[in-house]
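Undergrad: Data file final-v2.pdb (PDB, C-alpha atoms) is appended below.
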```
ATOM      1  CA  MET A   1     -91.175  36.308  21.829
ATOM      2  CA  THR A   2     -89.135  38.816  20.049
ATOM      3  CA  ARG A   3     -85.486  38.634  19.297
ATOM      4  CA  THR A   4     -84.710  41.243  21.947
ATOM      5  CA  THR A   5     -86.264  39.158  24.702
ATOM      6  CA  LYS A   6     -84.233  36.054  23.823
ATOM      7  CA  THR A   7     -80.984  38.006  23.798
ATOM      8  CA  GLY A   8     -81.871  39.589  27.138
ATOM      9  CA  MET A   9     -82.467  36.182  28.714
ATOM     10  CA  LYS A  10     -79.139  34.853  27.405
ATOM     11  CA  ALA A  11     -77.289  37.882  28.758
ATOM     12  CA  TRP A  12     -78.967  37.485  32.163
ATOM     13  CA  GLY A  13     -77.949  33.805  32.357
ATOM     14  CA  GLY A  14     -74.364  34.722  31.440
ATOM     15  CA  ARG A  15     -74.263  37.330  34.195
ATOM     16  CA  VAL A  16     -75.468  34.825  36.776
ATOM     17  CA  ALA A  17     -72.761  32.355  35.687
ATOM     18  CA  VAL A  18     -70.020  34.990  35.948
ATOM     19  CA  ILE A  19     -71.204  36.166  39.387
ATOM     20  CA  GLY A  20     -71.354  32.571  40.623
ATOM     21  CA  ALA A  21     -67.838  31.833  39.337
ATOM     22  CA  LEU A  22     -66.441  34.974  41.001
ATOM     23  CA  GLY A  23     -68.127  34.063  44.295
ATOM     24  CA  LEU A  24     -66.689  30.540  44.165
ATOM     25  CA  ALA A  25     -63.203  31.874  43.372
ATOM     26  CA  SER A  26     -63.286  34.317  46.302
ATOM     27  CA  VAL A  27     -64.363  31.577  48.738
ATOM     28  CA  THR A  28     -61.594  29.280  47.446
ATOM     29  CA  LEU A  29     -58.909  31.970  47.808
ATOM     30  CA  ALA A  30     -60.075  32.793  51.335
ATOM     31  CA  ALA A  31     -59.729  29.126  52.365
ATOM     32  CA  VAL A  32     -56.103  28.840  51.189
ATOM     33  CA  PRO A  33     -53.673  29.243  54.121
ATOM     34  CA  ALA A  34     -51.165  32.087  54.063
ATOM     35  CA  PHE A  35     -47.512  31.122  53.795
ATOM     36  CA  ALA A  36     -44.531  33.043  55.089
ATOM     37  CA  LYS A  37     -42.533  34.835  52.455
ATOM     38  CA  GLY A  38     -38.776  35.004  52.319
ATOM     39  CA  GLY A  39     -35.668  33.412  50.932
ATOM     40  CA  VAL A  40     -32.037  32.676  51.552
ATOM     41  CA  ASN A  41     -29.022  32.877  49.204
ATOM     42  CA  ILE A  42     -25.430  31.769  49.602
ATOM     43  CA  THR A  43     -22.388  32.551  47.448
ATOM     44  CA  ALA A  44     -18.961  30.943  47.442
ATOM     45  CA  PRO A  45     -16.244  30.438  44.830
ATOM     46  CA  HIS A  46     -16.372  27.220  42.810
ATOM     47  CA  THR A  47     -12.687  26.464  43.278
ATOM     48  CA  ALA A  48      -9.902  27.446  45.651
ATOM     49  CA  HIS A  49      -6.289  26.455  46.221
ATOM     50  CA  ALA A  50      -5.133  24.738  49.403
ATOM     51  CA  GLY A  51      -3.892  27.385  51.842
ATOM     52  CA  GLN A  52      -5.784  30.141  50.036
ATOM     53  CA  ALA A  53      -8.445  32.175  51.859
ATOM     54  CA  PHE A  54     -11.862  32.677  50.288
ATOM     55  CA  THR A  55     -15.133  34.302  51.304
ATOM     56  CA  VAL A  56     -18.542  32.706  51.793
ATOM     57  CA  ARG A  57     -21.494  35.123  52.025
ATOM     58  CA  ALA A  58     -25.150  34.578  52.816
ATOM     59  CA  HIS A  59     -28.206  36.784  53.115
ATOM     60  CA  GLY A  60     -31.818  35.980  53.723
ATOM     61  CA  ASN A  61     -35.148  37.103  55.110
ATOM     62  CA  ASP A  62     -38.432  35.683  56.328
ATOM     63  CA  ASP A  63     -41.593  37.341  57.567
ATOM     64  CA  ALA A  64     -42.629  34.537  59.950
ATOM     65  CA  ALA A  65     -40.658  35.853  62.946
ATOM     66  CA  SER A  66     -40.111  39.187  64.648
ATOM     67  CA  TYR A  67     -36.303  38.936  64.531
ATOM     68  CA  LEU A  68     -33.932  37.022  62.255
ATOM     69  CA  ARG A  69     -30.408  35.676  62.370
ATOM     70  CA  ILE A  70     -28.540  33.875  59.615
ATOM     71  CA  CYS A  71     -25.754  31.370  60.221
ATOM     72  CA  LEU A  72     -23.302  29.650  57.898
ATOM     73  CA  GLU A  73     -22.676  25.930  58.329
ATOM     74  CA  GLY A  74     -19.941  23.893  56.691
ATOM     75  CA  ARG A  75     -18.729  20.343  56.269
ATOM     76  CA  SER A  76     -16.099  18.376  54.387
ATOM     77  CA  GLY A  77     -15.986  14.754  53.369
ATOM     78  CA  GLY A  78     -19.661  14.116  54.144
ATOM     79  CA  GLN A  79     -19.179  14.627  57.887
ATOM     80  CA  ALA A  80     -21.662  16.370  60.185
ATOM     81  CA  TRP A  81     -22.507  20.042  59.695
ATOM     82  CA  HIS A  82     -20.736  22.500  61.984
ATOM     83  CA  GLN A  83     -21.444  26.174  62.482
ATOM     84  CA  VAL A  84     -18.877  28.445  60.834
ATOM     85  CA  THR A  85     -20.263  31.873  61.779
ATOM     86  CA  CYS A  86     -23.485  33.762  62.461
ATOM     87  CA  GLY A  87     -24.580  37.265  61.552
ATOM     88  CA  ALA A  88     -26.173  39.862  63.771
ATOM     89  CA  VAL A  89     -29.804  39.694  64.905
ATOM     90  CA  VAL A  90     -31.988  41.973  62.762
ATOM     91  CA  ALA A  91     -35.660  42.937  62.777
ATOM     92  CA  THR A  92     -38.006  41.434  60.213
ATOM     93  CA  GLY A  93     -38.035  43.438  57.003
ATOM     94  CA  THR A  94     -34.247  43.702  56.972
ATOM     95  CA  ASP A  95     -31.978  41.201  55.248
ATOM     96  CA  ALA A  96     -29.988  39.118  57.702
ATOM     97  CA  GLN A  97     -26.372  38.783  56.528
ATOM     98  CA  ALA A  98     -23.362  36.657  57.413
ATOM     99  CA  THR A  99     -19.843  36.557  55.973
ATOM    100  CA  ALA A 100     -17.122  33.994  56.656
ATOM    101  CA  HIS A 101     -13.482  34.189  55.591
ATOM    102  CA  VAL A 102     -12.279  30.608  55.286
ATOM    103  CA  ARG A 103      -8.785  29.251  54.673
ATOM    104  CA  ALA A 104      -8.793  25.892  52.895
ATOM    105  CA  ALA A 105      -6.381  23.684  54.870
ATOM    106  CA  HIS A 106      -6.327  20.639  52.573
ATOM    107  CA  ARG A 107      -7.575  19.357  49.233
ATOM    108  CA  GLY A 108     -11.099  18.067  48.826
ATOM    109  CA  VAL A 109     -14.660  19.274  48.573
ATOM    110  CA  LEU A 110     -16.065  21.752  51.077
ATOM    111  CA  GLU A 111     -19.817  22.273  51.349
ATOM    112  CA  TYR A 112     -21.565  25.275  52.864
ATOM    113  CA  ARG A 113     -25.192  26.161  53.544
ATOM    114  CA  ALA A 114     -26.983  29.088  55.141
ATOM    115  CA  VAL A 115     -29.711  28.751  57.760
ATOM    116  CA  VAL A 116     -32.166  31.513  58.685
ATOM    117  CA  TYR A 117     -33.357  31.382  62.292
ATOM    118  CA  GLY A 118     -36.470  33.135  63.596
ATOM    119  CA  LEU A 119     -36.442  34.712  67.052
ATOM    120  CA  THR A 120     -39.282  36.143  69.138
ATOM    121  CA  SER A 121     -37.061  38.845  70.667
ATOM    122  CA  ALA A 122     -33.598  40.219  70.071
ATOM    123  CA  ASN A 123     -32.278  38.157  73.031
ATOM    124  CA  ASP A 124     -34.222  34.933  72.320
ATOM    125  CA  ARG A 125     -32.196  31.900  73.440
ATOM    126  CA  HIS A 126     -34.346  29.393  71.528
ATOM    127  CA  PRO A 127     -34.263  30.287  67.835
ATOM    128  CA  VAL A 128     -36.395  28.344  65.358
ATOM    129  CA  ARG A 129     -34.984  27.220  62.006
ATOM    130  CA  GLU A 130     -37.072  28.945  59.320
ATOM    131  CA  ARG A 131     -35.210  28.375  56.040
ATOM    132  CA  THR A 132     -32.152  26.541  54.743
ATOM    133  CA  SER A 133     -30.328  27.370  51.523
ATOM    134  CA  GLY A 134     -29.082  24.991  48.913
ATOM    135  CA  LEU A 135     -25.466  23.817  48.972
ATOM    136  CA  ALA A 136     -22.515  25.908  47.869
ATOM    137  CA  THR A 137     -19.654  23.601  46.933
ATOM    138  CA  VAL A 138     -16.002  24.651  46.848
ATOM    139  CA  ASN A 139     -13.448  22.341  45.216
ATOM    140  CA  VAL A 140     -10.095  22.800  46.919
ATOM    141  CA  ARG A 141      -7.129  21.871  44.713
TER     142      ARG A 141
END
```
Would you write out, as structure tokens, the structure that this file holds?
TA:
Amino acid sequence: MTRTTKTGMKAWGGRVAVIGALGLASVTLAAVPAFAKGGVNITAPHTAHAGQAFTVRAHGNDDAASYLRICLEGRSGGQAWHQVTCGAVVATGTDAQATAHVRAAHRGVLEYRAVVYGLTSANDRHPVRERTSGLATVNVR
């Protein structure tokens, strides 16, 4: 055999290995389930004075539902979550937004979170919770 033949055989084996690896990668990627994309953010001041009004804002999106609605929930002293306000129903592809103007009645720690609900229609009476934000904590002095 000549040197050219040996090099040609090595190159052919390398090509087969690359084609096999690419085929395996494409099969693996096709088997991975698709996940909904989206997110939710909440903003609130870190501190507030008792009797002072402050604003809590949230916005979020998700592509798992046809319509979205975002709601703000709050609690103080580790009690149960209660709904503060909800934003308007929007179509997927648009950020859902909610804004609450809150007056801190007494000292302590107030916690807020935002929840994105998915709806099948604009008038859906049974929304599904899609995403929940992290906590936004306000220390009332």
Undergrad: Would you mind listing what lies within 12 Å of Gly60 (chain A) as an NGL selection string, with only C-alpha atoms counted and same-chain residues fewer than 5 positions away left out?
TA: :A and (37-43 or 68-72 or 87 or 89-90 or 92-98 or 113-118 or 130-133)
Undergrad: Let's have the selection written as a short mmCIF file (atom, residue, chain, number, x, y, z; two decimals), keeping the file's coordinate frame, with C-alpha atoms.
TA:
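Result went into result.cif, see below:
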```
data_model
loop_
_atom_site.label_atom_id
_atom_site.label_comp_id
_atom_site.auth_asym_id
_atom_site.auth_seq_id
_atom_site.Cartn_x
_atom_site.Cartn_y
_atom_site.Cartn_z
CA LYS A 37 -42.53 34.84 52.46
CA GLY A 38 -38.78 35.00 52.32
CA GLY A 39 -35.67 33.41 50.93
CA VAL A 40 -32.04 32.68 51.55
CA ASN A 41 -29.02 32.88 49.20
CA ILE A 42 -25.43 31.77 49.60
CA THR A 43 -22.39 32.55 47.45
CA LEU A 68 -33.93 37.02 62.26
CA ARG A 69 -30.41 35.68 62.37
CA ILE A 70 -28.54 33.88 59.62
CA CYS A 71 -25.75 31.37 60.22
CA LEU A 72 -23.30 29.65 57.90
CA GLY A 87 -24.58 37.26 61.55
CA VAL A 89 -29.80 39.69 64.90
CA VAL A 90 -31.99 41.97 62.76
CA THR A 92 -38.01 41.43 60.21
CA GLY A 93 -38.03 43.44 57.00
CA THR A 94 -34.25 43.70 56.97
CA ASP A 95 -31.98 41.20 55.25
CA ALA A 96 -29.99 39.12 57.70
CA GLN A 97 -26.37 38.78 56.53
CA ALA A 98 -23.36 36.66 57.41
CA ARG A 113 -25.19 26.16 53.54
CA ALA A 114 -26.98 29.09 55.14
CA VAL A 115 -29.71 28.75 57.76
CA VAL A 116 -32.17 31.51 58.68
CA TYR A 117 -33.36 31.38 62.29
CA GLY A 118 -36.47 33.14 63.60
CA GLU A 130 -37.07 28.94 59.32
CA ARG A 131 -35.21 28.38 56.04
CA THR A 132 -32.15 26.54 54.74
CA SER A 133 -30.33 27.37 51.52
#
```
Undergrad: One number please: CA of Tyr67 (chain A) to CA of Pro45 (chain A), in Å, one decimal.
TA: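 Those two atoms sit 29.4 Å apart.
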Undergrad: I'd like to see the residues matched by the PyMOL selection byres ((chain A and resi 100) around 6) on this file, and ideally I'd get them as a tab-separated table (two decimals) with C-alpha atoms, in the coordinates of the input.
TA:
```
chain	number	residue	atom	x	y	z
A	55	THR	CA	-15.13	34.30	51.30
A	56	VAL	CA	-18.54	32.71	51.79
A	99	THR	CA	-19.84	36.56	55.97
A	101	HIS	CA	-13.48	34.19	55.59
```
Undergrad: Could you jot down the CA of Ala64 (chain A) to CA of Ala44 (chain A) separation for me, Å, one decimal place?
TA: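 Result for CA of Ala64 (chain A) versus CA of Ala44 (chain A): 27.0 Å, one decimal.
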Undergrad: Considering all atoms listed in the file, state which residue in the set A:Ala65, A:Val102, A:Ala91, A:Cys86 is at the smallest distance from Gln52 (chain A).
TA: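 For Gln52 (chain A), the nearest of the candidates is A:Val102.
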Undergrad: If we count all atoms listed in the file and set the cut-off at 9 Å, which residues sit around Ala53 (chain A), ignoring sequence neighbours fewer than 3 positions away in its own chain? Please answer as a PDB file with C-alpha atoms, keeping the file's coordinate frame.
TA:
```
ATOM      1  CA  ALA A  48      -9.902  27.446  45.651  1.00  0.00           C
ATOM      2  CA  HIS A  49      -6.289  26.455  46.221  1.00  0.00           C
ATOM      3  CA  ALA A  50      -5.133  24.738  49.403  1.00  0.00           C
ATOM      4  CA  HIS A 101     -13.482  34.189  55.591  1.00  0.00           C
ATOM      5  CA  VAL A 102     -12.279  30.608  55.286  1.00  0.00           C
ATOM      6  CA  ARG A 103      -8.785  29.251  54.673  1.00  0.00           C
ATOM      7  CA  ALA A 104      -8.793  25.892  52.895  1.00  0.00           C
TER       8      ALA A 104
END
```
Undergrad: Work out how far apart CA of Gly77 (chain A) and CA of Ala58 (chain A) are and give it in Å to one decimal.
TA: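 Here the two named atoms are 21.8 Å from each other.
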Undergrad: Would you kindly identify which residues have an atom no farther than 9 Å from (-22.4, 21.4, 56.6), using all atoms listed in the file and the file's own coordinates, and write them out as a PDB file with C-alpha atoms, keeping the file's coordinate frame?
TA:
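Final output, out06.pdb:
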```pdb
ATOM      1  CA  LEU A  72     -23.302  29.650  57.898  1.00  0.00           C
ATOM      2  CA  GLU A  73     -22.676  25.930  58.329  1.00  0.00           C
ATOM      3  CA  GLY A  74     -19.941  23.893  56.691  1.00  0.00           C
ATOM      4  CA  ARG A  75     -18.729  20.343  56.269  1.00  0.00           C
ATOM      5  CA  SER A  76     -16.099  18.376  54.387  1.00  0.00           C
ATOM      6  CA  GLY A  78     -19.661  14.116  54.144  1.00  0.00           C
ATOM      7  CA  GLN A  79     -19.179  14.627  57.887  1.00  0.00           C
ATOM      8  CA  ALA A  80     -21.662  16.370  60.185  1.00  0.00           C
ATOM      9  CA  TRP A  81     -22.507  20.042  59.695  1.00  0.00           C
ATOM     10  CA  HIS A  82     -20.736  22.500  61.984  1.00  0.00           C
ATOM     11  CA  GLN A  83     -21.444  26.174  62.482  1.00  0.00           C
ATOM     12  CA  VAL A  84     -18.877  28.445  60.834  1.00  0.00           C
ATOM     13  CA  LEU A 110     -16.065  21.752  51.077  1.00  0.00           C
ATOM     14  CA  GLU A 111     -19.817  22.273  51.349  1.00  0.00           C
ATOM     15  CA  TYR A 112     -21.565  25.275  52.864  1.00  0.00           C
ATOM     16  CA  ARG A 113     -25.192  26.161  53.544  1.00  0.00           C
ATOM     17  CA  LEU A 135     -25.466  23.817  48.972  1.00  0.00           C
TER      18      LEU A 135
END
```
Undergrad: Using the chain letters and numbers from this file, what does the PyMOL selection byres ((chain A and resi 107) around 8) select? Give the answer as a list in words.
TA: His49, Ala50, Ala104, Ala105, His106, Gly108, Val109, Asn139, Val140 and Arg141 of chain A
Undergrad: Now that the selection is made, can you save its residues with C-alpha atoms as a PDB file, keeping the file's coordinate frame?
TA:
```
ATOM      1  CA  HIS A  49      -6.289  26.455  46.221  1.00  0.00           C
ATOM      2  CA  ALA A  50      -5.133  24.738  49.403  1.00  0.00           C
ATOM      3  CA  ALA A 104      -8.793  25.892  52.895  1.00  0.00           C
ATOM      4  CA  ALA A 105      -6.381  23.684  54.870  1.00  0.00           C
ATOM      5  CA  HIS A 106      -6.327  20.639  52.573  1.00  0.00           C
ATOM      6  CA  GLY A 108     -11.099  18.067  48.826  1.00  0.00           C
ATOM      7  CA  VAL A 109     -14.660  19.274  48.573  1.00  0.00           C
ATOM      8  CA  ASN A 139     -13.448  22.341  45.216  1.00  0.00           C
ATOM      9  CA  VAL A 140     -10.095  22.800  46.919  1.00  0.00           C
ATOM     10  CA  ARG A 141      -7.129  21.871  44.713  1.00  0.00           C
TER      11      ARG A 141
END
```
